[in-house]
Structure formats: C-alpha cells, structure tokens
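work-v9.cif follows; it contains mmCIF, C-alpha atoms.
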data_protein
loop_
_atom_site.label_atom_id
_atom_site.label_comp_id
_atom_site.auth_asym_id
_atom_site.auth_seq_id
_atom_site.Cartn_x
_atom_site.Cartn_y
_atom_site.Cartn_z
CA MET A 692 93.69 84.06 211.60
CA SER A 693 91.80 81.68 209.30
CA ASN A 694 88.95 83.02 207.21
CA GLN A 695 86.56 80.85 209.23
CA ALA A 696 87.78 82.51 212.43
CA LYS A 697 87.55 85.92 210.75
CA TYR A 698 83.99 85.10 209.60
CA ASP A 699 82.96 84.17 213.15
CA SER A 700 84.66 87.23 214.65
CA LEU A 701 83.11 89.67 212.17
CA ARG A 702 79.64 88.20 212.72
CA ALA A 703 80.11 88.76 216.44
CA THR A 704 81.23 92.36 215.83
CA PHE A 705 78.60 93.38 213.28
CA ASP A 706 75.14 92.08 214.18
CA SER A 707 73.08 93.54 211.31
CA PHE A 708 73.22 94.79 207.76
CA CYS A 709 70.49 97.36 207.16
CA TYR A 710 69.01 98.25 203.79
CA GLU A 711 67.93 101.74 204.80
CA GLY A 712 66.53 103.03 201.53
CA PHE A 713 67.16 104.41 198.06
CA HIS A 714 66.47 107.53 196.04
CA TYR A 715 66.55 108.27 192.35
CA SER A 716 65.99 111.12 189.91
CA VAL A 717 65.90 111.96 186.22
CA GLU A 718 67.65 115.16 185.19
CA ASN A 719 68.13 116.22 181.56
CA GLY A 720 67.27 112.70 180.51
CA GLU A 721 69.89 111.05 182.75
CA PHE A 722 68.65 108.58 185.36
CA SER A 723 70.59 108.21 188.60
CA ALA A 724 70.04 106.29 191.83
CA VAL A 725 71.77 105.88 195.21
CA PHE A 726 71.32 103.14 197.81
CA ASP A 727 71.78 103.52 201.56
CA PHE A 728 73.24 100.56 203.48
CA VAL A 729 74.54 100.47 207.08
CA LEU A 730 76.56 97.89 209.02
CA THR A 731 75.59 98.04 212.69
CA PRO A 732 76.34 98.58 215.51
CA LYS A 733 79.37 100.54 214.26
CA ASN A 734 77.22 102.35 211.70
CA VAL A 735 79.53 101.82 208.74
CA GLU A 736 77.70 103.41 205.81
CA PHE A 737 77.78 102.42 202.13
CA HIS A 738 76.20 104.41 199.33
CA PRO A 739 76.66 102.61 196.00
CA CYS A 740 75.15 104.35 193.02
CA PHE A 741 74.58 104.14 189.31
CA ARG A 742 73.62 106.43 186.49
CA ILE A 743 72.25 105.90 183.02
CA PRO A 744 73.30 108.59 180.53
CA ALA A 745 70.51 110.13 178.46
CA ARG A 746 69.45 108.51 175.20
CA SER A 747 66.64 109.34 172.79
CA PHE A 748 65.09 105.86 173.22
CA TYR A 749 64.45 106.14 176.97
CA HIS A 750 60.88 106.67 178.20
CA TRP A 751 61.31 107.21 181.92
CA GLU A 752 58.08 109.19 182.16
CA GLU A 753 56.06 106.23 180.88
CA ILE A 754 57.10 103.86 183.67
CA PRO A 755 54.43 103.94 186.41
CA LYS A 756 56.03 105.25 189.62
CA PRO A 757 55.02 102.23 191.75
CA LEU A 758 56.68 99.95 189.19
CA LEU A 759 59.83 102.09 189.07
CA ASP A 760 60.02 102.17 192.88
CA ASN A 761 59.63 98.39 192.90
CA ILE A 762 62.43 97.81 190.38
CA ILE A 763 64.91 100.17 192.05
CA PHE A 764 64.19 98.55 195.41
CA HIS A 765 65.04 95.17 193.92
CA ILE A 766 68.27 96.43 192.40
CA GLY A 767 69.21 97.48 195.94
CA MET A 768 68.42 93.98 197.18
CA ILE A 769 70.96 92.47 194.77
CA GLU A 770 73.53 95.23 195.23
CA LEU A 771 73.63 94.68 198.99
CA ILE A 772 75.19 91.22 198.64
CA SER A 773 78.55 92.78 197.71
CA TYR A 774 78.48 94.81 200.92
CA TRP A 775 77.00 92.16 203.23
CA LYS A 776 79.89 89.78 202.46
CA ILE A 777 82.42 92.21 204.00
CA ALA A 778 81.39 91.09 207.49
CA CYS A 779 78.59 88.53 206.87
CA PRO A 780 76.34 89.69 209.74
CA LYS A 781 73.71 87.23 210.88
CA LYS A 782 70.79 89.55 210.15
CA VAL A 783 69.73 91.62 207.13
CA VAL A 784 67.12 94.24 207.96
CA VAL A 785 65.03 95.39 204.98
CA LYS A 786 63.44 98.78 205.58
CA PRO A 787 62.03 100.21 202.31
CA TYR A 788 59.35 97.54 201.76
CA ALA A 789 58.18 94.32 203.39
CA LEU A 790 59.12 90.98 201.85
CA ASP A 791 56.74 88.05 202.21
CA GLU A 792 57.89 84.58 203.27
CA GLU A 793 58.32 83.33 199.70
CA GLN A 794 60.47 86.32 198.82
CA VAL A 795 62.64 85.82 201.88
CA ARG A 796 63.23 82.18 200.86
CA TRP A 797 63.95 83.27 197.28
CA TRP A 798 66.53 85.86 198.30
CA LYS A 799 68.22 83.54 200.79
CA LYS A 800 68.55 80.91 198.05
CA LEU A 801 70.06 83.43 195.65
CA TYR A 802 72.45 84.86 198.23
CA PHE A 803 73.60 81.44 199.45
CA ASN A 804 74.05 79.81 196.05
CA GLY A 805 75.45 82.99 194.55
CA LEU A 806 78.03 83.08 197.35
CA GLY A 807 78.85 79.37 197.04
CA GLU A 808 82.27 80.12 195.57
CA PHE A 809 82.89 82.83 198.19
CA PHE A 810 82.28 80.38 201.04
CA TYR A 811 84.25 77.55 199.37
CA VAL A 812 87.33 79.56 198.41
CA ASN A 813 87.48 81.24 201.83
CA GLY A 814 87.06 77.91 203.62
CA ILE A 815 83.93 79.08 205.43
CA GLN A 816 81.44 76.54 206.74
CA ALA A 817 77.91 77.89 206.36
CA SER A 818 74.44 76.52 205.71
CA ILE A 819 71.46 78.10 204.00
CA ASP A 820 69.54 77.96 207.28
CA ASP A 821 72.02 79.81 209.46
CA PHE A 822 74.21 82.03 207.23
CA MET A 823 71.76 84.95 207.49
CA LYS A 824 68.25 85.87 208.54
CA ILE A 825 66.26 88.40 206.50
CA VAL A 826 63.81 90.44 208.56
CA ASN A 827 61.41 93.27 207.77
CA ASP A 828 61.48 96.52 209.69
CA ASN A 829 58.38 97.00 211.81
CA GLU A 830 57.21 100.22 210.17
CA ILE A 831 57.48 99.47 206.48
CA SER A 832 54.88 99.04 203.78
CA PRO A 833 54.35 96.17 201.34
CA LEU A 834 55.79 96.28 197.84
CA PRO A 835 53.73 98.03 195.15
CA VAL A 836 51.32 95.51 193.68
CA VAL A 837 52.56 93.67 190.60
CA GLY A 838 50.38 94.04 187.52
CA ARG A 839 50.24 93.84 183.78
CA ASN A 840 51.36 96.81 181.74
CA ASP A 841 49.70 95.90 178.45
CA GLY A 842 50.72 98.22 175.66
CA LEU A 843 53.68 99.70 177.54
CA LEU A 844 56.26 97.25 176.16
CA HIS A 845 57.03 96.89 172.45
CA GLU A 846 58.32 93.96 170.39
CA GLN A 847 61.89 95.08 170.97
CA THR A 848 64.90 93.25 172.42
CA LEU A 849 67.52 94.42 174.89
CA ILE A 850 70.86 92.60 174.45
CA PRO A 851 73.46 92.83 177.25
CA VAL A 852 76.97 92.84 175.75
CA GLY A 853 79.98 91.77 177.79
CA GLY A 854 82.64 91.84 175.10
CA GLY A 855 83.10 88.06 174.84
CA LYS A 856 82.19 85.63 172.08
CA ASP A 857 78.80 84.65 173.56
CA SER A 858 77.16 88.07 173.56
CA VAL A 859 78.74 88.74 170.14
CA VAL A 860 76.87 85.73 168.73
CA THR A 861 73.59 86.93 170.24
CA LEU A 862 74.08 90.46 168.96
CA GLU A 863 75.12 89.34 165.47
CA LEU A 864 72.22 86.89 165.03
CA LEU A 865 69.53 89.24 166.32
CA LYS A 866 70.58 92.70 165.11
CA ASN A 867 68.98 92.37 161.66
CA ARG A 868 66.11 90.09 162.67
CA VAL A 869 64.46 92.00 165.51
CA PRO A 870 64.48 95.62 166.73
CA ALA A 871 67.35 95.54 169.20
CA ILE A 872 69.26 97.78 171.61
CA PRO A 873 72.65 96.70 173.00
CA LEU A 874 73.26 97.24 176.74
CA ILE A 875 76.64 97.68 178.43
CA ILE A 876 77.41 97.96 182.14
CA ASN A 877 80.60 99.95 182.79
CA PRO A 878 81.90 100.08 179.20
CA ARG A 879 85.44 98.94 178.41
CA GLY A 880 87.43 98.56 175.22
CA ALA A 881 86.05 95.17 174.15
CA THR A 882 82.40 95.98 174.83
CA ASN A 883 82.61 99.24 172.91
CA ALA A 884 84.47 97.64 170.02
CA CYS A 885 82.02 94.74 169.74
CA VAL A 886 79.01 97.05 169.68
CA ALA A 887 80.74 99.20 167.06
CA ALA A 888 81.54 96.12 164.97
CA ALA A 889 77.84 95.28 165.05
CA GLY A 890 77.09 98.70 163.56
CA TYR A 891 75.82 100.54 166.65
CA THR A 892 76.99 103.98 167.75
CA GLU A 893 77.38 105.01 171.38
CA ASN A 894 74.11 106.93 171.20
CA GLN A 895 72.36 103.77 169.99
CA THR A 896 73.63 101.83 173.01
CA ALA A 897 72.15 101.72 176.50
CA ILE A 898 74.87 102.26 179.10
CA ILE A 899 74.85 101.82 182.86
CA LYS A 900 77.67 103.37 184.85
CA ARG A 901 77.77 101.57 188.18
CA THR A 902 79.96 102.87 191.03
CA LEU A 903 81.07 100.84 194.04
CA ASP A 904 81.24 102.57 197.40
CA PRO A 905 84.84 103.54 198.27
CA THR A 906 84.38 102.43 201.89
CA MET A 907 83.82 98.87 200.68
CA LEU A 908 86.95 99.02 198.53
CA ARG A 909 88.94 100.34 201.48
CA MET A 910 87.66 97.59 203.79
CA ASN A 911 88.52 94.97 201.17
CA ALA A 912 92.07 96.34 201.08
CA GLU A 913 92.20 96.23 204.89
CA GLY A 914 91.53 92.51 204.95
CA TYR A 915 87.79 92.17 205.52
CA LEU A 916 86.13 89.23 203.80
CA ASN A 917 86.04 89.37 200.02
CA GLY A 918 85.25 87.11 197.08
CA HIS A 919 82.97 86.25 194.20
CA THR A 920 79.39 87.52 194.05
CA PRO A 921 76.70 86.65 191.46
CA PHE A 922 77.28 89.40 188.89
CA SER A 923 74.79 87.92 186.41
CA ALA A 924 72.00 88.11 188.99
CA MET A 925 72.82 91.77 189.51
CA LEU A 926 72.77 92.27 185.75
CA ALA A 927 69.38 90.54 185.59
CA PHE A 928 67.70 93.14 187.81
CA TYR A 929 69.33 96.01 185.93
CA THR A 930 68.01 94.60 182.65
CA ILE A 931 64.47 94.76 184.00
CA LEU A 932 64.93 98.48 184.62
CA LEU A 933 66.41 99.06 181.17
CA GLY A 934 63.75 96.89 179.59
CA PHE A 935 61.05 99.27 180.79
CA ALA A 936 63.13 102.36 180.12
CA THR A 937 63.53 101.29 176.47
CA ILE A 938 60.00 99.80 176.34
CA SER A 939 61.56 96.47 175.29
CA LYS A 940 59.51 93.35 175.96
CA TYR A 941 62.41 90.93 175.50
CA ILE A 942 65.72 90.68 177.34
CA ALA A 943 68.06 88.28 175.55
CA LEU A 944 70.97 87.07 177.67
CA SER A 945 73.84 84.96 176.30
CA ASN A 946 74.17 82.18 178.87
CA GLU A 947 74.68 78.70 177.43
CA SER A 948 73.85 75.21 178.67
CA SER A 949 77.42 74.66 179.93
CA ALA A 950 76.75 77.13 182.75
CA ASN A 951 74.67 74.46 184.50
CA GLU A 952 77.69 72.26 185.37
CA PRO A 953 78.94 72.69 188.98
CA THR A 954 82.48 73.98 189.41
CA VAL A 955 83.07 71.57 192.31
CA PRO A 956 81.87 68.06 191.34
CA ASP A 957 79.03 66.52 193.34
CA THR A 958 78.10 69.86 194.93
CA GLU A 959 75.93 72.83 194.06
CA ILE A 960 78.94 75.17 194.11
CA ASN A 961 78.93 76.80 190.70
CA HIS A 962 80.92 79.87 189.65
CA GLN A 963 78.23 80.39 187.03
CA TYR A 964 75.20 79.87 189.32
CA SER A 965 73.47 83.07 188.26
CA LYS A 966 74.01 82.09 184.60
CA SER A 967 72.41 78.68 185.13
CA VAL A 968 68.97 77.66 183.93
CA ALA A 969 68.03 77.08 187.58
CA PHE A 970 68.55 80.75 188.39
CA GLU A 971 66.94 81.83 185.12
CA ASN A 972 63.79 79.87 185.94
CA ASP A 973 63.69 81.21 189.50
CA PHE A 974 64.22 84.77 188.27
CA ARG A 975 61.48 84.54 185.64
CA HIS A 976 59.02 83.26 188.24
CA TYR A 977 60.00 85.97 190.73
CA VAL A 978 59.72 88.81 188.20
CA LYS A 979 56.34 87.59 187.00
CA LYS A 980 54.94 87.41 190.55
CA TYR A 981 56.56 90.41 192.21
CA ILE A 982 57.60 92.93 189.54
CA ASP A 983 55.82 92.62 186.21
CA ALA A 984 54.08 89.87 184.25
CA ASP A 985 54.82 91.11 180.72
CA ILE A 986 58.58 91.49 180.39
CA GLN A 987 60.38 88.37 179.15
CA TYR A 988 63.88 87.49 180.44
CA PHE A 989 65.63 84.53 178.81
CA SER A 990 68.98 83.36 177.53
CA PHE A 991 69.04 83.29 173.74
CA LEU A 992 71.96 80.83 173.75
CA ARG A 993 70.57 78.47 176.41
CA PRO A 994 69.83 75.70 173.85
CA LEU A 995 73.49 75.69 172.78
CA ASN A 996 76.73 74.40 174.21
CA GLU A 997 80.06 76.22 174.08
CA LEU A 998 81.21 74.47 170.91
CA GLN A 999 78.11 75.46 168.96
CA ILE A 1000 78.60 79.05 170.08
CA ALA A 1001 82.26 78.89 169.07
CA LYS A 1002 81.27 77.62 165.62
CA LEU A 1003 78.79 80.47 165.15
CA PHE A 1004 81.36 82.96 166.41
CA SER A 1005 83.96 81.68 163.93
CA ARG A 1006 81.76 83.03 161.12
CA ALA A 1007 81.64 86.53 162.66
CA LYS A 1008 85.11 87.58 161.47
CA ASP A 1009 84.54 91.30 162.09
CA TYR A 1010 84.72 90.58 165.83
CA HIS A 1011 87.72 88.23 165.91
CA HIS A 1012 90.29 90.87 166.81
CA VAL A 1013 88.11 93.02 169.08
CA PHE A 1014 86.34 90.54 171.39
CA LYS A 1015 87.90 89.72 174.77
CA SER A 1016 86.82 87.01 177.21
CA CYS A 1017 89.73 87.41 179.64
CA ASN A 1018 88.85 88.84 183.05
CA ALA A 1019 92.51 89.28 184.03
CA GLY A 1020 93.15 91.46 180.98
CA SER A 1021 89.88 93.38 181.04
CA LYS A 1022 91.37 96.60 182.42
CA THR A 1023 93.97 96.73 179.64
CA ASP A 1024 91.63 95.35 176.95
CA SER A 1025 93.95 92.41 176.29
CA TRP A 1026 94.28 88.65 176.54
CA CYS A 1027 96.55 87.79 179.49
CA GLY A 1028 97.35 84.43 177.88
CA LYS A 1029 97.82 82.86 181.33
CA CYS A 1030 94.35 82.24 182.75
CA PRO A 1031 91.78 79.43 182.39
CA LYS A 1032 89.45 81.74 180.45
CA CYS A 1033 92.09 82.40 177.80
CA LEU A 1034 92.98 78.73 177.42
CA PHE A 1035 89.37 77.57 177.35
CA THR A 1036 88.43 80.16 174.72
CA TRP A 1037 91.38 79.02 172.57
CA LEU A 1038 90.36 75.36 172.91
CA ALA A 1039 86.69 76.02 172.16
CA LEU A 1040 87.55 77.95 169.00
CA SER A 1041 90.26 75.53 167.83
CA PRO A 1042 87.97 73.20 165.83
CA PHE A 1043 86.72 76.17 163.79
CA ILE A 1044 89.61 78.68 163.61
CA SER A 1045 93.14 77.72 162.58
CA ARG A 1046 95.99 77.64 165.08
CA GLN A 1047 97.72 80.38 163.09
CA GLU A 1048 94.66 82.63 163.29
CA LEU A 1049 94.24 81.92 167.01
CA THR A 1050 97.87 82.88 167.58
CA ALA A 1051 97.16 86.20 165.87
CA ILE A 1052 94.06 86.77 168.01
CA PHE A 1053 95.70 85.93 171.35
CA GLY A 1054 99.12 87.35 170.56
CA LYS A 1055 100.89 84.05 171.17
CA ASP A 1056 100.48 80.29 170.72
CA LEU A 1057 98.89 79.21 174.00
CA LEU A 1058 99.60 75.54 173.27
CA LYS A 1059 103.34 76.27 173.58
CA ASP A 1060 103.05 77.77 177.06
CA ASN A 1061 104.03 74.96 179.44
CA ASP A 1062 102.81 77.03 182.39
CA LEU A 1063 99.28 76.29 181.16
CA ARG A 1064 99.59 72.53 181.57
CA HIS A 1065 98.07 72.58 185.06
CA THR A 1066 95.29 74.84 183.80
CA LEU A 1067 94.56 72.26 181.10
CA ASP A 1068 94.38 69.58 183.80
CA GLN A 1069 91.79 71.68 185.63
CA LEU A 1070 89.73 72.24 182.51
CA ASP A 1071 89.73 68.66 181.28
CA GLY A 1072 88.90 67.03 184.61
CA SER A 1073 92.34 65.59 185.37
CA VAL A 1074 92.05 67.32 188.75
CA GLU A 1075 88.85 67.40 190.73
CA VAL A 1076 87.91 71.09 190.84
CA LYS A 1077 87.41 73.16 187.70
CA PRO A 1078 88.72 76.74 187.60
CA PHE A 1079 86.39 79.31 189.14
CA GLU A 1080 85.84 80.98 185.78
CA CYS A 1081 83.10 81.01 183.15
CA VAL A 1082 84.40 78.04 181.19
CA GLY A 1083 82.79 75.08 179.43
CA THR A 1084 82.21 71.55 180.64
CA VAL A 1085 84.89 68.91 181.08
CA GLY A 1086 83.38 66.96 178.18
CA GLU A 1087 83.54 69.96 175.85
CA VAL A 1088 87.19 70.55 176.71
CA ARG A 1089 88.08 66.91 176.13
CA ALA A 1090 86.30 66.91 172.78
CA CYS A 1091 88.34 69.94 171.68
CA VAL A 1092 91.60 68.43 172.92
CA ASN A 1093 90.91 65.22 171.01
CA ASP A 1094 90.07 67.23 167.90
CA ILE A 1095 93.45 69.00 168.08
CA LEU A 1096 95.24 65.70 168.67
CA GLN A 1097 93.64 64.27 165.53
CA HIS A 1098 94.23 67.22 163.22
CA ASP A 1099 97.45 68.93 164.36
CA ASP A 1100 100.74 67.14 163.63
CA ASN A 1101 102.85 69.82 165.29
CA LEU A 1102 102.26 69.16 168.99
CA ARG A 1103 105.78 68.29 170.17
CA ASP A 1104 106.82 70.51 173.09
CA THR A 1105 103.26 71.77 173.59
CA ILE A 1106 100.92 71.32 176.54
CA LEU A 1107 99.19 68.57 174.53
CA ASP A 1108 102.36 66.54 173.95
CA GLY A 1109 101.66 63.06 175.30
CA VAL A 1110 98.07 63.88 176.25
CA ALA A 1111 95.39 61.24 175.64
CA LYS A 1112 91.80 61.88 176.69
CA THR A 1113 88.81 59.59 176.60
CA ASN A 1114 85.44 61.17 175.94
CA ASP A 1115 82.05 59.82 174.95
CA MET A 1116 81.36 62.71 172.58
CA THR A 1117 83.20 64.36 169.71
CA VAL A 1118 83.08 67.96 168.55
CA ALA A 1119 80.64 66.87 165.85
CA ASP A 1120 78.38 65.32 168.50
CA TYR A 1121 78.30 68.56 170.48
CA VAL A 1122 77.63 70.66 167.39
CA ALA A 1123 74.59 68.49 166.57
CA GLN A 1124 72.87 69.11 169.93
CA PHE A 1125 69.96 71.41 170.78
CA ASP A 1126 68.87 71.70 174.42
CA GLU A 1127 65.10 72.01 174.60
CA GLY A 1128 65.23 72.97 178.29
CA ASN A 1129 64.99 76.68 177.59
CA ASN A 1130 62.66 79.65 177.85
CA LEU A 1131 63.00 81.02 174.32
CA PRO A 1132 59.91 82.43 172.61
CA ASP A 1133 59.32 80.70 169.26
CA LEU A 1134 60.61 83.67 167.23
CA PHE A 1135 64.03 83.47 168.91
CA LYS A 1136 64.16 79.69 168.85
CA ASN A 1137 63.55 79.70 165.10
CA ILE A 1138 66.28 82.31 164.51
CA LEU A 1139 68.74 80.18 166.44
CA LYS A 1140 67.86 76.97 164.61
CA GLU A 1141 68.21 78.70 161.25
CA ALA A 1142 71.68 79.92 162.23
CA LEU A 1143 72.74 76.44 163.32
CA ASN A 1144 71.56 74.96 160.03
CA GLY A 1145 73.07 77.74 157.93
#
In structure tokens, write the structure found in this file.
Amino acid sequence: MSNQAKYDSLRATFDSFCYEGFHYSVENGEFSAVFDFVLTPKNVEFHPCFRIPARSFYHWEEIPKPLLDNIIFHIGMIELISYWKIACPKKVVVKPYALDEEQVRWWKKLYFNGLGEFFYVNGIQASIDDFMKIVNDNEISPLPVVGRNDGLLHEQTLIPVGGGKDSVVTLELLKNRVPAIPLIINPRGATNACVAAAGYTENQTAIIKRTLDPTMLRMNAEGYLNGHTPFSAMLAFYTILLGFATISKYIALSNESSANEPTVPDTEINHQYSKSVAFENDFRHYVKKYIDADIQYFSFLRPLNELQIAKLFSRAKDYHHVFKSCNAGSKTDSWCGKCPKCLFTWLALSPFISRQELTAIFGKDLLKDNDLRHTLDQLDGSVEVKPFECVGTVGEVRACVNDILQHDDNLRDTILDGVAKTNDMTVADYVAQFDEGNNLPDLFKNILKEALNG
C-alpha cells in the first residue's frame, strides 16, 4: 500500500483527534505536566508529558495562574502535531479553550508548513484547506486574556543549547555580556559538554525532560504514518514557559539566515521551516497577541549566514572537540561521518579550521570518503533537492568548495577531485554580510556586530 493510500485509509478510520486537556503541578520545586489526547472513534489515548527539575532560579509562584494555564495549553497545541500525524484525521477538536478564527488560521499554517517535509517524503497530496479542520468543543471557555506583566520579567536571557556550533556561538558571545541561563531539552553528551565548556554547572542550567507517549512509538513501529515535525516550533513554546519560570525577558535562539532557503526549490517545503524568519515573525506576533506582550523571542544569529557563524565558532576552541551537529550520531554522542549534516559542517568550517584539525574533530577525513560524493551533489545543487537536514544554502556550500579547491593541493582521490563549481559569491563575500531582516534588540545587535568586527 502506498503512503497516499494509507493516508486516505487512516483518515477514513479515524475521524477526529481530540485535545482533551492537560494538568500540571509543582512539587518540591519540580514542575511537571501531562497532556491528554484521543484518536476517535477507536479511543486511542496518548499522554505525553514533561518535567522540569528544580532549580534555585525558578519562580513558579510568581507566574499568574491564567498565564501559566495559557502557556501550558499552547504547549499541548504544538505537542499534538506529533500524534495527529500518526493517522492524519480530518478534524482536530480542541476542548480546553476556544480558539478564535485568527488562531485557527495560524495553527493550520504552522501545522501544514511544519509538516511540509512529512507530506513530501511520504508522497502525500494535501492542501492547507483540506488536510485538517480545527474546531472548538461546544462547552469550552475562551483563553485567559493576554496582558502585560510589567516588572515580572528581568533583563535576563534564556539561551537554548542544542550541542551544535550555532548555539555554542550564541552562548559564548552572550555569557559574559548579559545575565544568561542555558536551556537544554532532553540533555545528551554534546549539550552537557558544551554548557560545561561555557562554564555552567548542571544546577545553573534549565533542563526540560520531555517524554513521548509509548503508544505513539508502538504505532510508529507498526507502520502508521511517521515523519518530520517542526521541533523548533515546539521548542519555541517551551521557551516561553521557561522564560517566565526564570523571569527572563529575552529568549535568544540560534537560527541563521540560511534557514530561510526551501529544501525543495520553487516550493515552500523547508526542513527548517520553524527556524525560518517567517515562522519567527508569525510566532512573535502570536505570542504578543495571545500569550504575553513583554517577553521577547528572537534569533540572535538571524543576521548571519552559516559561514559567519563558522568563523566565529572557529575562535571558540574550547568547544571544538565537544560539539556535535550530527543527528545520526546523537545517541552515541559522535559524528557518524556519513550524513549531510556531517559533510556540511566540515565544509562550512573548512575556510577557518585546517583539514588536519577537522580530521581530528570528525575522526576521519571526510573529503576522502567517496560515499559522500552524492551527498556533496545534494548540498551544492548538482541535484535538485537538498538533503532534509539543517544545512546551509547551495551558494554557501559552493563558496566553501571553491575555497578548498583554491587552497588545498592534496585533493586527488577525494570527493572534490575534478569538481568545478561556479558561484557568484566567495567565502569573503559571505563573511562581509549582515542581514538587517531580524528582530534583535539593539543590545544584542551591537554585541553581534562587535564580534564580527573583532
């Protein structure tokens, strides 16, 4: 059975996905929450949950209850996308609170664009008008009214850390310039090591331990629909919760300008949709109107491209042997050396870190792995569709390839042997850029410009 046929069959079998409710508590300083989802008519239940271990810098008691209810409700709205996609029912029933028409349009846009890769890879034909309908339950109340919480938030910055080079640059540039708290979701070796390299202890780090429902995992294994969901959008809503818990006014993400390029040319299908400036702008507007008008969510690295970030990272030598950007090797805290993320990271760093040093970081010379030749073709635009990974633009890759071709005389029997790429811009051209299409407050913009000029 094709995935399209499976999609149609599952939608006929399961008519609704119901967001039944949520509950949360704080015990001994630890915050925990559970969501209640049901697939009908077979009443398949899901109860994903998360907990936030106690820290001295949390102020749960200072968050007004209506605001806290509002935020947890919204986290449930983004969590449900991972469960809805199992069967893709035509209707989502929202029971805890009523969404107005603008909110319904906003969530449908996020779900549809955030699932663009899911639909494309699975070969599913769907449109934003007919892929789902979001309806309110008849007996629910409106969301708690949004307001201003003047004086609640301090001039402090929450910095999500993923263990890759981008969040390392944000953490390193901000840690001594502004009061900052690193944030990790489901810690792993690289995230812990990067935070430690920045000088933070575990007790100085905000941690979210998020648990997927085992029924979903079982259904995935049984062959129900599965695929990419917008993790960064999920992270965005969690950061709002942690922003208020830590009374931090600023949330500094590490998404760069390259995230705006579609993965499939001439479409809006983008693996990095929820890292794009389009999502960031939509999210900022939504939070201001429906959650809180004071907290500031932005990407600190938005003005930069991947090569500028790589240059800044090359100076942060304490992190060179602890950071990891490889999703395939994340469970073993290693570089797999076989995936597009590994090869792109190597290429992006190559103008600023020697080939010998890169070999030490990755554990092998990636340029000598002929199995990566096709991956290079995907990255540099020789084939139409880029890899569905968080990688830079075709132009950035070509600039790096040309830089290697010009400066490395030892390319025989490598994946670059015989390669010739045309590109309008050089590495130097990319490094000289600064994208003004960003949401940075002046303080953060000035810090970034000083670092670029340093």
Between atom CA of Asp1024 of chain A and atom CA of Arg1064 of chain A, distance in Å (one decimal) = 24.6 Å
ask   = Evaluating the PyMOL selection byres ((chain A and resi 823-826) around 6) on the displayed file yields which residues, as a PyMOL selection string?
value = chain A and resi 781-784+821-822+827
Atomic separation - atom CA of Lys900 of chain A relative to atom CA of Cys709 of chain A, Å = 24.2 Å
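Residue nearest Leu1134 of chain A within the list A:Asp699, A:Asp904, A:Glu846, A:Asp1115: A:Glu846 [criterion: smallest interatomic distance, only C-alpha atoms].
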request  = Go ahead and find all residues with at least one atom no further than 12 Å from (86.0, 98.2, 200.9) in the file's coordinates, using only C-alpha atoms; report them as a VMD selection string.
outcome  = chain A and resid 735 to 739 773 to 778 903 to 918
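Atom CA of Pro1132 of chain A to atom CA of Asn1144 of chain A spans 18.7 Å [interatomic distance, one decimal].
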ask   = Taking into account all atoms listed in the file, which residue in the set A:Ile766, A:Leu844, A:Ala871, A:Ala881 is nearest to Leu926 of chain A?
value =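 When distances to Leu926 of chain A are compared using all atoms listed in the file, the smallest one comes from A:Ile766.
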query = Any idea what's packed within 9 Å of segment 785-800 of chain A, counting all atoms listed in the file, ignoring anything in its chain fewer than 4 positions away? Could you give it as a ChimeraX atom specification?
reply = /A:708-713,761,764,768-769,804-805,819-820,822-835,973,977,981
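Compared by their closest atoms to Trp751 of chain A, and using only C-alpha atoms, the residues A:Ile763, A:Ile942, A:Met925, A:Leu932 rank with A:Leu932 nearest.
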key: Within 9 Å of file point (78.9, 97.9, 178.6), counting only C-alpha atoms, expressed as a list in words   =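 Selection result: Pro851, Val852, Gly853, Gly854, Pro873, Leu874, Ile875, Ile876, Asn877, Pro878, Arg879, Ala881, Thr882, Asn883, Val886, Thr896, Ala897, Ile898, Ile899 and Lys900 of chain A.
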request  = Pick out the closest residue to Lys697 of chain A from this set: A:Cys779, A:Val725, A:Val717, A:Ala1039. Count only C-alpha atoms.
outcome  =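 Looking only at the distances to Lys697 of chain A, the closest residue turns out to be A:Cys779.
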inquiry  = Need to verify the contact set: Ser965 of chain A, 6 Å, all atoms listed in the file, exclusion of same-chain residues closer than 6 positions in sequence. Can you return it as a PyMOL selection string?
reply    = chain A and resi 921+923-924
I need the residues from that last selection saved to file as a CSV table (one decimal), in the frame of the given file (with C-alpha atoms), if you can.
chain,number,residue,atom,x,y,z
A,921,PRO,CA,76.7,86.6,191.5
A,923,SER,CA,74.8,87.9,186.4
A,924,ALA,CA,72.0,88.1,189.0
request  = Between A:Ile1095, A:Ile960, A:Leu1107, A:Leu1003, single out the one closest to Glu808 of chain A, counting all atoms listed in the file.
outcome  =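 So, comparing all the options, the nearest one is A:Ile960.
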message = I'd like the contact shell of Leu992 of chain A - 7 Å cut-off, all atoms listed in the file, skipping same-chain residues fewer than 5 positions apart - returned as a PyMOL selection string.
response = chain A and resi 945-947
What would the file look like if the residues just selected were written as a short mmCIF file (atom, residue, chain, number, x, y, z; two decimals), in the frame of the given file with C-alpha atoms?
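Generated output (again-v2.cif):
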data_model
loop_
_atom_site.label_atom_id
_atom_site.label_comp_id
_atom_site.auth_asym_id
_atom_site.auth_seq_id
_atom_site.Cartn_x
_atom_site.Cartn_y
_atom_site.Cartn_z
CA SER A 945 73.84 84.96 176.30
CA ASN A 946 74.17 82.18 178.87
CA GLU A 947 74.68 78.70 177.43
#
request  = Please provide the set of residues having any atom within 10 Å of Gln1124 of chain A, restricted to all atoms listed in the file, with same-chain residues fewer than 5 positions apart removed, written as a ChimeraX atom specification.
outcome  = /A:994-996,998-999,1119,1143
request  = Kindly resolve the PyMOL selection byres ((chain A and resi 1092) around 9) on the present coordinates and return the residues as a list in words.
outcome  =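 Those residues are Leu1038, Ser1041, Asp1071, Glu1087, Val1088, Arg1089, Ala1090, Cys1091, Asn1093, Asp1094, Ile1095, Leu1096, Gln1097, Leu1107, Val1110, Ala1111 and Lys1112 of chain A.
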